[in-house]
Amino acid sequence: MTGPTTSRGRLALALTLTVAVALFLAFVPLHRHWFDLNVYYDAVGHWVRDGRIYDFTIPGADGADYGFTYPPFAALCMLPMALFTWPAAITLSMVLNVAASATLLIWLIGPIVQRHGWNKWFAFVVAACLFVLLEPVRDTFSFGQVNLLLLVLVFFDAWLLSTGRGRFAGCGIGLAAAIKLTPAIFIGYLLITRRWRAAATATGTAAAATLLALAVAPGASRVYWTEALWDTDRIGVLSYVSNQSWEGVLARLVDPVPPSGMVWALGVLAVLAVWAHRVRCAVAVGDERAGFALTGVAACLISPITWVHHLVWLIPALAVLVDSGLRPDAPPARRRLLLQVGALVYVLLCSSVVWLWRFDSTGVDGFLGSNTYVWICLGLLIALPLRGARSATMLSQEPYPARIP
């Protein structure tokens, strides 16, 4: 796990791995040509010119027309893009996603590196190369998406809670929920785990941001909350293989008939029941990271549409899985199993395997293969390892950096 023992060996391996990953990213994966960023950029420009944002659409590869689907506060946050040229907007998106990725790696990998005494720069280079190979990460950069930035906002609150600064927690979750509705499930996490102050802060922040958007852009706010939010056709085709949510599974099963709302709701309730039980268990043993990771997994399952690039919310769970497999206080057989499962999950999340069934998801193989990422989500929700009471006590005695989630 430590890699080469000499500085020259580490440098050679780091350079080789970096070049190999760069060549792979340049020539192998499908490039999305910043499609989502283009939607944001053109929709904001349309808003500035014509005073309307939610009637702007761009045709997508799946035959659907895509428009701006986020709340008006997100549009306010993206409004400065109107001052940029298109190349400058792409550059800004890449810089922000790189910064978000580096922050997440520090939070998620930093404690593991310190605990095992690994060489820091080498470990982070290897982790960064592995990180960018994940399909959700590749697509986030390639689409120009914002989910990595939202993940940083949410996990900033996790960091506050895990380092004894909980009195300041909630603002990150509130801002993320105001920008995109899916992160609002983390307010539910705070409520279930009885973080009343943090939940109130998150709710208040989300409400304040929404009211600010209402004051600045009343027309856009009215259209979004009364029309655009409820128009599911704006989001995309539910049965498209990129939709790796519970509703995506149902939609592919019955396509071209719309999936049953009752069956979807029952599935969502079942997911929420398992999630609530598991996050209570996580917090009971002091495992804040696992609690937040489980919430990200549940968000992917219950959202009506979870595109593949939304699955960056699984990265904290993958980090928890690997961390559990590396802890010396676990039995060797369990450690091997966890690392093997973590490696399998990682490989599948890098493989783009679901696209093999892009044009035909019928049959048993289609059902199993086209929903691969959904099965990963379900497995993580049910079986993500939690630290035992002994491990949680050991964690509380570690120096400050090791307590970063």
# chains A, B, ... in the order shown; residues from 1 in each chain; ligands from 1
>>> residues_around(residues="A:Leu17", least_positions_apart="3", cutoff="12 Å", atoms="only C-alpha atoms", output="ChimeraX atom specification")
/A:10-14,20-24,122,125-130,132-133
>>> write_last_selection(atoms="all heavy atoms", output="compact mmCIF listing (two decimals), in the first residue's frame")
# COMPACT_ATOMS: atom_id res chain seq x y z
N ARG A 10 9.13 6.83 -6.27
CA ARG A 10 7.79 7.44 -6.17
C ARG A 10 7.57 8.44 -7.30
O ARG A 10 6.49 8.49 -7.90
CB ARG A 10 7.64 8.14 -4.82
CG ARG A 10 7.62 7.21 -3.61
CD ARG A 10 7.22 7.97 -2.37
NE ARG A 10 7.35 7.14 -1.18
CZ ARG A 10 8.33 7.22 -0.30
NH1 ARG A 10 9.29 8.13 -0.47
NH2 ARG A 10 8.38 6.43 0.74
N LEU A 11 8.60 9.26 -7.59
CA LEU A 11 8.46 10.25 -8.64
C LEU A 11 8.24 9.57 -9.99
O LEU A 11 7.38 9.99 -10.77
CB LEU A 11 9.71 11.13 -8.69
CG LEU A 11 9.71 12.24 -9.76
CD1 LEU A 11 8.53 13.19 -9.54
CD2 LEU A 11 11.03 13.00 -9.74
N ALA A 12 8.99 8.51 -10.26
CA ALA A 12 8.84 7.81 -11.54
C ALA A 12 7.45 7.20 -11.67
O ALA A 12 6.81 7.31 -12.73
CB ALA A 12 9.92 6.73 -11.66
N LEU A 13 6.97 6.55 -10.60
CA LEU A 13 5.65 5.94 -10.67
C LEU A 13 4.56 6.99 -10.77
O LEU A 13 3.59 6.82 -11.53
CB LEU A 13 5.42 5.06 -9.43
CG LEU A 13 4.07 4.33 -9.37
CD1 LEU A 13 3.86 3.47 -10.61
CD2 LEU A 13 3.97 3.48 -8.11
N ALA A 14 4.70 8.11 -10.04
CA ALA A 14 3.70 9.17 -10.09
C ALA A 14 3.62 9.77 -11.49
O ALA A 14 2.52 10.01 -12.01
CB ALA A 14 4.03 10.25 -9.06
N ALA A 20 -0.25 8.20 -18.00
CA ALA A 20 -1.16 7.16 -18.47
C ALA A 20 -2.62 7.59 -18.30
O ALA A 20 -3.45 7.41 -19.21
CB ALA A 20 -0.91 5.86 -17.70
N VAL A 21 -2.94 8.18 -17.16
CA VAL A 21 -4.31 8.64 -16.92
C VAL A 21 -4.66 9.78 -17.87
O VAL A 21 -5.78 9.83 -18.41
CB VAL A 21 -4.47 9.07 -15.45
CG1 VAL A 21 -5.79 9.79 -15.24
CG2 VAL A 21 -4.39 7.86 -14.54
N ALA A 22 -3.73 10.70 -18.08
CA ALA A 22 -3.99 11.83 -18.99
C ALA A 22 -4.25 11.33 -20.41
O ALA A 22 -5.17 11.82 -21.09
CB ALA A 22 -2.80 12.78 -18.97
N LEU A 23 -3.47 10.36 -20.87
CA LEU A 23 -3.68 9.81 -22.21
C LEU A 23 -5.02 9.09 -22.29
O LEU A 23 -5.74 9.21 -23.30
CB LEU A 23 -2.55 8.85 -22.56
CG LEU A 23 -1.18 9.49 -22.81
CD1 LEU A 23 -0.11 8.41 -22.99
CD2 LEU A 23 -1.23 10.41 -24.03
N PHE A 24 -5.36 8.36 -21.25
CA PHE A 24 -6.66 7.67 -21.22
C PHE A 24 -7.80 8.68 -21.32
O PHE A 24 -8.73 8.51 -22.12
CB PHE A 24 -6.78 6.86 -19.94
CG PHE A 24 -8.15 6.24 -19.75
CD1 PHE A 24 -8.47 5.03 -20.36
CD2 PHE A 24 -9.11 6.86 -18.97
CE1 PHE A 24 -9.73 4.47 -20.20
CE2 PHE A 24 -10.36 6.30 -18.80
CZ PHE A 24 -10.67 5.10 -19.41
N PHE A 122 2.85 11.61 -2.63
CA PHE A 122 2.70 10.45 -3.49
C PHE A 122 1.29 9.86 -3.36
O PHE A 122 0.65 9.52 -4.35
CB PHE A 122 3.76 9.40 -3.13
CG PHE A 122 3.63 8.13 -3.93
CD1 PHE A 122 3.98 8.11 -5.27
CD2 PHE A 122 3.18 6.97 -3.34
CE1 PHE A 122 3.88 6.94 -6.02
CE2 PHE A 122 3.06 5.79 -4.07
CZ PHE A 122 3.41 5.78 -5.42
N VAL A 125 -1.20 12.06 -5.19
CA VAL A 125 -1.11 11.93 -6.65
C VAL A 125 -1.82 10.67 -7.11
O VAL A 125 -2.61 10.68 -8.06
CB VAL A 125 0.36 11.93 -7.11
CG1 VAL A 125 0.47 11.53 -8.59
CG2 VAL A 125 0.99 13.31 -6.92
N VAL A 126 -1.54 9.56 -6.42
CA VAL A 126 -2.20 8.29 -6.78
C VAL A 126 -3.71 8.42 -6.59
O VAL A 126 -4.50 8.00 -7.46
CB VAL A 126 -1.64 7.14 -5.93
CG1 VAL A 126 -2.45 5.86 -6.17
CG2 VAL A 126 -0.18 6.89 -6.24
N ALA A 127 -4.14 9.00 -5.47
CA ALA A 127 -5.57 9.16 -5.20
C ALA A 127 -6.23 10.04 -6.25
O ALA A 127 -7.34 9.76 -6.70
CB ALA A 127 -5.79 9.73 -3.81
N ALA A 128 -5.55 11.11 -6.66
CA ALA A 128 -6.11 12.01 -7.67
C ALA A 128 -6.27 11.29 -9.01
O ALA A 128 -7.29 11.47 -9.71
CB ALA A 128 -5.22 13.24 -7.83
N CYS A 129 -5.28 10.47 -9.38
CA CYS A 129 -5.39 9.71 -10.63
C CYS A 129 -6.55 8.73 -10.58
O CYS A 129 -7.31 8.60 -11.55
CB CYS A 129 -4.07 8.98 -10.89
SG CYS A 129 -2.69 10.05 -11.37
N LEU A 130 -6.70 8.05 -9.46
CA LEU A 130 -7.83 7.13 -9.31
C LEU A 130 -9.15 7.88 -9.31
O LEU A 130 -10.15 7.41 -9.87
CB LEU A 130 -7.67 6.32 -8.02
CG LEU A 130 -6.48 5.36 -7.94
CD1 LEU A 130 -6.38 4.76 -6.55
CD2 LEU A 130 -6.60 4.27 -8.99
N VAL A 132 -10.02 10.77 -10.82
CA VAL A 132 -10.49 11.30 -12.11
C VAL A 132 -10.88 10.20 -13.08
O VAL A 132 -11.54 10.47 -14.10
CB VAL A 132 -9.42 12.21 -12.76
CG1 VAL A 132 -9.15 13.41 -11.90
CG2 VAL A 132 -8.14 11.45 -13.05
N LEU A 133 -10.51 8.94 -12.78
CA LEU A 133 -10.93 7.84 -13.65
C LEU A 133 -12.37 7.42 -13.41
O LEU A 133 -12.97 6.75 -14.26
CB LEU A 133 -10.01 6.63 -13.44
CG LEU A 133 -8.59 6.77 -13.99
CD1 LEU A 133 -7.78 5.53 -13.64
CD2 LEU A 133 -8.60 6.98 -15.50
>>> residues_around(residues="stretch 255-262 of chain A", least_positions_apart="5", cutoff="9 Å", atoms="only C-alpha atoms", output="VMD selection string")
chain A and resid 238 to 239 247 to 248 250 267
>>> closest_atom_pairs(of="stretch 164-243 of chain A", to="stretch 65-80 of chain A", cutoff="7 Å", atoms="only C-alpha atoms", output="Markdown table")
| residue | atom | partner | partner_atom | distance |
| --- | --- | --- | --- | --- |
| A:Ala178 | CA | A:Phe73 | CA | 6.3 |
| A:Ile179 | CA | A:Ala74 | CA | 4.5 |
| A:Lys180 | CA | A:Tyr70 | CA | 5.7 |
| A:Ala209 | CA | A:Phe73 | CA | 6.4 |
| A:Thr210 | CA | A:Phe73 | CA | 6.0 |
| A:Ala213 | CA | A:Phe73 | CA | 5.1 |
| A:Ala220 | CA | A:Pro72 | CA | 6.4 |
| A:Ser221 | CA | A:Pro72 | CA | 5.8 |
| A:Tyr224 | CA | A:Pro71 | CA | 6.6 |
| A:Arg234 | CA | A:Tyr66 | CA | 5.8 |
| A:Ile235 | CA | A:Tyr66 | CA | 6.6 |
| A:Gly236 | CA | A:Tyr66 | CA | 6.8 |
>>> residues_around(residues="A:Leu348", least_positions_apart="4", cutoff="12 Å", atoms="only C-alpha atoms", output="PDB file with N, CA and C atoms, in the first residue's frame")
ATOM      1  N   LEU A 133     -10.511   8.942 -12.781  1.00  0.00           N
ATOM      2  CA  LEU A 133     -10.931   7.842 -13.647  1.00  0.00           C
ATOM      3  C   LEU A 133     -12.374   7.416 -13.412  1.00  0.00           C
ATOM      4  N   LEU A 134     -12.951   7.789 -12.268  1.00  0.00           N
ATOM      5  CA  LEU A 134     -14.341   7.460 -11.986  1.00  0.00           C
ATOM      6  C   LEU A 134     -15.253   8.098 -13.038  1.00  0.00           C
ATOM      7  N   GLU A 135     -16.171   7.319 -13.578  1.00  0.00           N
ATOM      8  CA  GLU A 135     -17.051   7.868 -14.618  1.00  0.00           C
ATOM      9  C   GLU A 135     -17.853   9.072 -14.142  1.00  0.00           C
ATOM     10  N   PRO A 136     -18.437   9.067 -12.940  1.00  0.00           N
ATOM     11  CA  PRO A 136     -19.164  10.266 -12.504  1.00  0.00           C
ATOM     12  C   PRO A 136     -18.274  11.516 -12.449  1.00  0.00           C
ATOM     13  N   LEU A 318     -17.570   5.259  -1.016  1.00  0.00           N
ATOM     14  CA  LEU A 318     -16.437   4.462  -1.479  1.00  0.00           C
ATOM     15  C   LEU A 318     -15.222   4.691  -0.586  1.00  0.00           C
ATOM     16  N   VAL A 341     -14.314  -5.767  -2.141  1.00  0.00           N
ATOM     17  CA  VAL A 341     -15.584  -5.150  -2.524  1.00  0.00           C
ATOM     18  C   VAL A 341     -15.349  -3.712  -2.983  1.00  0.00           C
ATOM     19  N   GLY A 342     -14.498  -2.983  -2.245  1.00  0.00           N
ATOM     20  CA  GLY A 342     -14.186  -1.609  -2.631  1.00  0.00           C
ATOM     21  C   GLY A 342     -13.557  -1.546  -4.012  1.00  0.00           C
ATOM     22  N   ALA A 343     -12.639  -2.481  -4.311  1.00  0.00           N
ATOM     23  CA  ALA A 343     -12.006  -2.509  -5.628  1.00  0.00           C
ATOM     24  C   ALA A 343     -13.032  -2.807  -6.718  1.00  0.00           C
ATOM     25  N   LEU A 344     -13.950  -3.742  -6.448  1.00  0.00           N
ATOM     26  CA  LEU A 344     -14.983  -4.081  -7.426  1.00  0.00           C
ATOM     27  C   LEU A 344     -15.900  -2.891  -7.690  1.00  0.00           C
ATOM     28  N   SER A 352     -18.113   2.456 -17.131  1.00  0.00           N
ATOM     29  CA  SER A 352     -19.181   2.886 -18.052  1.00  0.00           C
ATOM     30  C   SER A 352     -20.015   1.699 -18.523  1.00  0.00           C
ATOM     31  N   VAL A 353     -20.119   0.680 -17.683  1.00  0.00           N
ATOM     32  CA  VAL A 353     -20.742  -0.577 -18.088  1.00  0.00           C
ATOM     33  C   VAL A 353     -22.212  -0.412 -18.476  1.00  0.00           C
ATOM     34  N   VAL A 354     -22.923   0.518 -17.848  1.00  0.00           N
ATOM     35  CA  VAL A 354     -24.360   0.632 -18.124  1.00  0.00           C
ATOM     36  C   VAL A 354     -24.633   1.015 -19.576  1.00  0.00           C
ATOM     37  N   TRP A 355     -23.649   1.644 -20.235  1.00  0.00           N
ATOM     38  CA  TRP A 355     -23.882   2.097 -21.605  1.00  0.00           C
ATOM     39  C   TRP A 355     -23.919   0.955 -22.601  1.00  0.00           C
ATOM     40  N   GLY A 369     -27.733  -5.411 -16.017  1.00  0.00           N
ATOM     41  CA  GLY A 369     -26.619  -4.595 -16.478  1.00  0.00           C
ATOM     42  C   GLY A 369     -26.916  -3.117 -16.580  1.00  0.00           C
ATOM     43  N   ASN A 371     -28.819  -1.372 -14.891  1.00  0.00           N
ATOM     44  CA  ASN A 371     -29.046  -0.765 -13.569  1.00  0.00           C
ATOM     45  C   ASN A 371     -27.883  -1.031 -12.608  1.00  0.00           C
ATOM     46  N   THR A 372     -26.705  -1.287 -13.164  1.00  0.00           N
ATOM     47  CA  THR A 372     -25.558  -1.658 -12.339  1.00  0.00           C
ATOM     48  C   THR A 372     -25.300  -0.667 -11.216  1.00  0.00           C
ATOM     49  N   TYR A 373     -25.352   0.608 -11.525  1.00  0.00           N
ATOM     50  CA  TYR A 373     -25.036   1.612 -10.505  1.00  0.00           C
ATOM     51  C   TYR A 373     -26.129   1.693  -9.438  1.00  0.00           C
ATOM     52  N   VAL A 374     -27.357   1.358  -9.818  1.00  0.00           N
ATOM     53  CA  VAL A 374     -28.428   1.308  -8.824  1.00  0.00           C
ATOM     54  C   VAL A 374     -28.161   0.186  -7.827  1.00  0.00           C
ATOM     55  N   TRP A 375     -27.724  -0.979  -8.337  1.00  0.00           N
ATOM     56  CA  TRP A 375     -27.427  -2.101  -7.428  1.00  0.00           C
ATOM     57  C   TRP A 375     -26.271  -1.737  -6.499  1.00  0.00           C
ATOM     58  N   ILE A 376     -25.297  -0.998  -7.013  1.00  0.00           N
ATOM     59  CA  ILE A 376     -24.202  -0.534  -6.152  1.00  0.00           C
ATOM     60  C   ILE A 376     -24.739   0.368  -5.048  1.00  0.00           C
ATOM     61  N   CYS A 377     -25.638   1.274  -5.418  1.00  0.00           N
ATOM     62  CA  CYS A 377     -26.239   2.172  -4.417  1.00  0.00           C
ATOM     63  C   CYS A 377     -26.971   1.376  -3.341  1.00  0.00           C
TER      64      CYS A 377
END
>>> select_by_dssp(residues="stretch 19-107 of chain A", states="helix (DSSP H, G or I)", output="MDAnalysis selection string")
chainID A and resid 19:27 35:50 72:83 86:107
>>> residues_around(residues="A:Arg52", least_positions_apart="6", cutoff="9 Å", atoms="only C-alpha atoms", output="MDAnalysis selection string")
chainID A and resid 43:44 46 219:220
>>> write_last_selection(atoms="all heavy atoms", output="mmCIF file, in the first residue's frame")
data_model
loop_
_atom_site.group_PDB
_atom_site.id
_atom_site.type_symbol
_atom_site.label_atom_id
_atom_site.label_comp_id
_atom_site.auth_asym_id
_atom_site.auth_seq_id
_atom_site.Cartn_x
_atom_site.Cartn_y
_atom_site.Cartn_z
ATOM 1 N N ALA A 43 -28.702 29.701 -21.028
ATOM 2 C CA ALA A 43 -29.934 30.047 -20.324
ATOM 3 C C ALA A 43 -29.760 31.351 -19.551
ATOM 4 O O ALA A 43 -30.669 32.202 -19.546
ATOM 5 C CB ALA A 43 -30.322 28.924 -19.364
ATOM 6 N N VAL A 44 -28.614 31.529 -18.911
ATOM 7 C CA VAL A 44 -28.356 32.783 -18.193
ATOM 8 C C VAL A 44 -28.287 33.951 -19.170
ATOM 9 O O VAL A 44 -28.828 35.040 -18.915
ATOM 10 C CB VAL A 44 -27.054 32.666 -17.373
ATOM 11 C CG1 VAL A 44 -26.591 34.028 -16.892
ATOM 12 C CG2 VAL A 44 -27.261 31.731 -16.185
ATOM 13 N N HIS A 46 -29.797 34.119 -22.045
ATOM 14 C CA HIS A 46 -31.178 34.331 -22.475
ATOM 15 C C HIS A 46 -31.945 35.113 -21.410
ATOM 16 O O HIS A 46 -32.752 36.005 -21.740
ATOM 17 C CB HIS A 46 -31.833 32.963 -22.708
ATOM 18 C CG HIS A 46 -33.214 33.029 -23.270
ATOM 19 N ND1 HIS A 46 -33.480 33.297 -24.589
ATOM 20 C CD2 HIS A 46 -34.433 32.849 -22.677
ATOM 21 C CE1 HIS A 46 -34.783 33.285 -24.801
ATOM 22 N NE2 HIS A 46 -35.385 33.011 -23.658
ATOM 23 N N GLY A 219 -40.270 37.101 -11.235
ATOM 24 C CA GLY A 219 -40.866 36.411 -12.373
ATOM 25 C C GLY A 219 -40.316 35.007 -12.535
ATOM 26 O O GLY A 219 -41.064 34.041 -12.694
ATOM 27 N N ALA A 220 -38.991 34.878 -12.491
ATOM 28 C CA ALA A 220 -38.369 33.561 -12.621
ATOM 29 C C ALA A 220 -38.768 32.654 -11.463
ATOM 30 O O ALA A 220 -39.005 31.454 -11.650
ATOM 31 C CB ALA A 220 -36.853 33.710 -12.687
#
>>> residues_around(residues="A:Leu386", least_positions_apart="3", cutoff="10 Å", atoms="only C-alpha atoms", output="CSV table (one decimal) with all heavy atoms, in the first residue's frame")
chain,number,residue,atom,x,y,z
A,278,ARG,N,-30.0,3.3,9.3
A,278,ARG,CA,-28.5,3.2,9.2
A,278,ARG,C,-27.8,4.4,9.7
A,278,ARG,O,-26.7,4.4,10.3
A,278,ARG,CB,-28.1,2.8,7.8
A,278,ARG,CG,-28.7,1.5,7.4
A,278,ARG,CD,-27.6,0.6,6.7
A,278,ARG,NE,-26.5,0.2,7.6
A,278,ARG,CZ,-25.2,0.1,7.2
A,278,ARG,NH1,-24.9,0.4,6.0
A,278,ARG,NH2,-24.3,-0.2,8.1
A,279,VAL,N,-28.4,5.6,9.4
A,279,VAL,CA,-27.7,6.8,9.8
A,279,VAL,C,-27.8,7.0,11.3
A,279,VAL,O,-26.8,7.5,12.0
A,279,VAL,CB,-28.2,8.1,9.1
A,279,VAL,CG1,-27.9,8.0,7.6
A,279,VAL,CG2,-29.7,8.3,9.4
A,281,CYS,N,-27.6,4.5,13.4
A,281,CYS,CA,-26.6,3.6,13.9
A,281,CYS,C,-25.2,4.2,13.7
A,281,CYS,O,-24.3,4.1,14.6
A,281,CYS,CB,-26.6,2.3,13.1
A,281,CYS,SG,-28.1,1.3,13.5
A,282,ALA,N,-25.0,4.9,12.6
A,282,ALA,CA,-23.7,5.5,12.3
A,282,ALA,C,-23.4,6.6,13.3
A,282,ALA,O,-22.3,6.6,13.9
A,282,ALA,CB,-23.7,6.1,10.9
A,283,VAL,N,-24.4,7.5,13.6
A,283,VAL,CA,-24.1,8.5,14.6
A,283,VAL,C,-24.0,8.0,16.0
A,283,VAL,O,-23.3,8.5,16.8
A,283,VAL,CB,-25.2,9.6,14.4
A,283,VAL,CG1,-25.1,10.6,15.5
A,283,VAL,CG2,-25.2,10.3,13.1
A,285,VAL,N,-22.4,5.4,16.9
A,285,VAL,CA,-21.1,5.0,17.2
A,285,VAL,C,-20.1,6.1,16.8
A,285,VAL,O,-18.9,5.8,16.7
A,285,VAL,CB,-20.8,3.7,16.4
A,285,VAL,CG1,-21.6,2.6,16.9
A,285,VAL,CG2,-20.9,3.9,14.9
A,286,GLY,N,-20.6,7.3,16.6
A,286,GLY,CA,-19.7,8.4,16.3
A,286,GLY,C,-19.1,8.4,14.9
A,286,GLY,O,-18.1,9.1,14.6
A,287,ASP,N,-19.8,7.8,13.9
A,287,ASP,CA,-19.2,7.7,12.6
A,287,ASP,C,-20.0,8.7,11.7
A,287,ASP,O,-20.8,8.3,10.9
A,287,ASP,CB,-19.4,6.3,12.0
A,287,ASP,CG,-18.5,6.0,10.8
A,287,ASP,OD1,-17.9,6.9,10.3
A,287,ASP,OD2,-18.3,4.8,10.5
A,288,GLU,N,-19.6,9.9,11.8
A,288,GLU,CA,-20.3,11.0,11.1
A,288,GLU,C,-20.0,10.9,9.6
A,288,GLU,O,-20.9,11.1,8.8
A,288,GLU,CB,-19.7,12.4,11.5
A,288,GLU,CG,-20.6,13.5,11.1
A,288,GLU,CD,-21.8,13.6,12.0
A,288,GLU,OE1,-21.7,13.8,13.2
A,288,GLU,OE2,-22.9,13.6,11.4
A,289,ARG,N,-18.8,10.4,9.2
A,289,ARG,CA,-18.5,10.3,7.8
A,289,ARG,C,-19.5,9.3,7.1
A,289,ARG,O,-20.0,9.5,6.0
A,289,ARG,CB,-17.1,9.9,7.6
A,289,ARG,CG,-16.1,11.0,7.8
A,289,ARG,CD,-14.7,10.6,7.3
A,289,ARG,NE,-14.2,9.3,7.9
A,289,ARG,CZ,-13.2,8.7,7.4
A,289,ARG,NH1,-12.6,9.1,6.4
A,289,ARG,NH2,-12.8,7.6,8.0
A,290,ALA,N,-19.7,8.2,7.8
A,290,ALA,CA,-20.6,7.1,7.2
A,290,ALA,C,-22.0,7.6,7.1
A,290,ALA,O,-22.7,7.4,6.2
A,290,ALA,CB,-20.5,5.9,8.0
A,291,GLY,N,-22.4,8.4,8.1
A,291,GLY,CA,-23.8,9.0,8.1
A,291,GLY,C,-24.0,9.9,6.9
A,291,GLY,O,-25.0,9.8,6.2
A,320,VAL,N,-15.3,5.5,2.6
A,320,VAL,CA,-15.6,4.9,3.9
A,320,VAL,C,-15.3,3.4,3.7
A,320,VAL,O,-14.7,2.7,4.6
A,320,VAL,CB,-17.0,5.1,4.3
A,320,VAL,CG1,-17.4,4.2,5.5
A,320,VAL,CG2,-17.2,6.6,4.7
A,321,LEU,N,-15.7,2.8,2.6
A,321,LEU,CA,-15.5,1.4,2.4
A,321,LEU,C,-14.1,1.0,2.4
A,321,LEU,O,-13.6,0.0,3.0
A,321,LEU,CB,-16.2,1.0,1.1
A,321,LEU,CG,-16.2,-0.5,0.7
A,321,LEU,CD1,-16.9,-1.3,1.7
A,321,LEU,CD2,-16.8,-0.7,-0.7
A,324,SER,N,-12.4,1.5,5.9
A,324,SER,CA,-12.8,0.4,6.8
A,324,SER,C,-11.9,-0.9,6.5
A,324,SER,O,-11.5,-1.6,7.4
A,324,SER,CB,-14.3,0.0,6.6
A,324,SER,OG,-15.1,1.1,7.0
A,383,ALA,N,-25.2,-2.2,3.3
A,383,ALA,CA,-24.0,-2.9,3.9
A,383,ALA,C,-22.8,-2.0,4.1
A,383,ALA,O,-21.7,-2.5,4.5
A,383,ALA,CB,-23.7,-4.1,3.1
A,389,ALA,N,-17.8,0.9,18.3
A,389,ALA,CA,-17.6,1.8,19.3
A,389,ALA,C,-16.1,2.0,19.6
A,389,ALA,O,-15.7,3.1,19.9
A,389,ALA,CB,-18.4,1.4,20.6
A,391,SER,N,-13.6,1.7,17.5
A,391,SER,CA,-13.0,2.5,16.5
A,391,SER,C,-13.3,3.9,16.6
A,391,SER,O,-12.5,4.8,16.4
A,391,SER,CB,-13.4,1.9,15.1
A,391,SER,OG,-12.9,0.6,14.9
A,392,ALA,N,-14.6,4.2,17.0
A,392,ALA,CA,-15.0,5.6,17.1
A,392,ALA,C,-14.3,6.3,18.3
A,392,ALA,O,-13.9,7.4,18.2
A,392,ALA,CB,-16.5,5.6,17.4
>>> atom_distance(atom1="atom CA of A:His33", atom2="atom CA of A:Leu153")
25.6 Å
>>> atom_distance(atom1="atom CA of A:Gly204", atom2="atom CA of A:Gly188")
13.7 Å
>>> residues_around(residues="A:Thr295", least_positions_apart="2", cutoff="8 Å", atoms="only C-alpha atoms", output="tab-separated table (two decimals) with N, CA and C atoms, in the first residue's frame")
chain	number	residue	atom	x	y	z
A	185	ILE	N	-32.04	16.48	1.32
A	185	ILE	CA	-32.12	15.28	2.14
A	185	ILE	C	-31.15	15.35	3.32
A	186	PHE	N	-30.10	16.14	3.19
A	186	PHE	CA	-29.14	16.26	4.30
A	186	PHE	C	-29.74	17.05	5.46
A	189	TYR	N	-31.21	14.41	7.33
A	189	TYR	CA	-30.17	13.73	8.11
A	189	TYR	C	-29.94	14.46	9.45
A	275	TRP	N	-32.38	3.93	5.22
A	275	TRP	CA	-31.44	5.05	5.41
A	275	TRP	C	-31.55	5.62	6.82
A	279	VAL	N	-28.35	5.61	9.39
A	279	VAL	CA	-27.67	6.84	9.83
A	279	VAL	C	-27.77	7.01	11.34
A	291	GLY	N	-22.43	8.41	8.13
A	291	GLY	CA	-23.77	8.96	8.12
A	291	GLY	C	-24.00	9.87	6.92
A	292	PHE	N	-23.05	10.77	6.66
A	292	PHE	CA	-23.17	11.65	5.50
A	292	PHE	C	-23.06	10.85	4.20
A	293	ALA	N	-22.17	9.85	4.18
A	293	ALA	CA	-22.01	9.03	2.97
A	293	ALA	C	-23.29	8.27	2.65
A	297	VAL	N	-25.83	8.38	-0.73
A	297	VAL	CA	-26.30	7.19	-1.46
A	297	VAL	C	-27.82	7.20	-1.57
A	298	ALA	N	-28.50	7.49	-0.46
A	298	ALA	CA	-29.96	7.53	-0.47
A	298	ALA	C	-30.48	8.60	-1.43
A	299	ALA	N	-29.80	9.74	-1.49
A	299	ALA	CA	-30.21	10.81	-2.39
A	299	ALA	C	-30.20	10.34	-3.84
>>> closest_residue(among="A:Leu96, A:Ile305, A:Val28, A:Ala217", to="A:Thr182", atoms="only C-alpha atoms")
A:Ile305
>>> closest_residue(among="A:Leu384, A:Ala26, A:Ile315, A:Leu272", to="A:Ile192", atoms="only C-alpha atoms")
A:Leu272
>>> atom_distance(atom1="atom CA of A:Asp323", atom2="atom CA of A:Ile112")
6.6 Å
>>> closest_residue(among="A:Ile109, A:Val216, A:Leu301, A:Ala88", to="A:Leu269", atoms="only C-alpha atoms")
A:Leu301
>>> closest_residue(among="A:Arg165, A:His116, A:Arg138, A:Arg32", to="A:Ser101", atoms="only C-alpha atoms")
A:Arg138
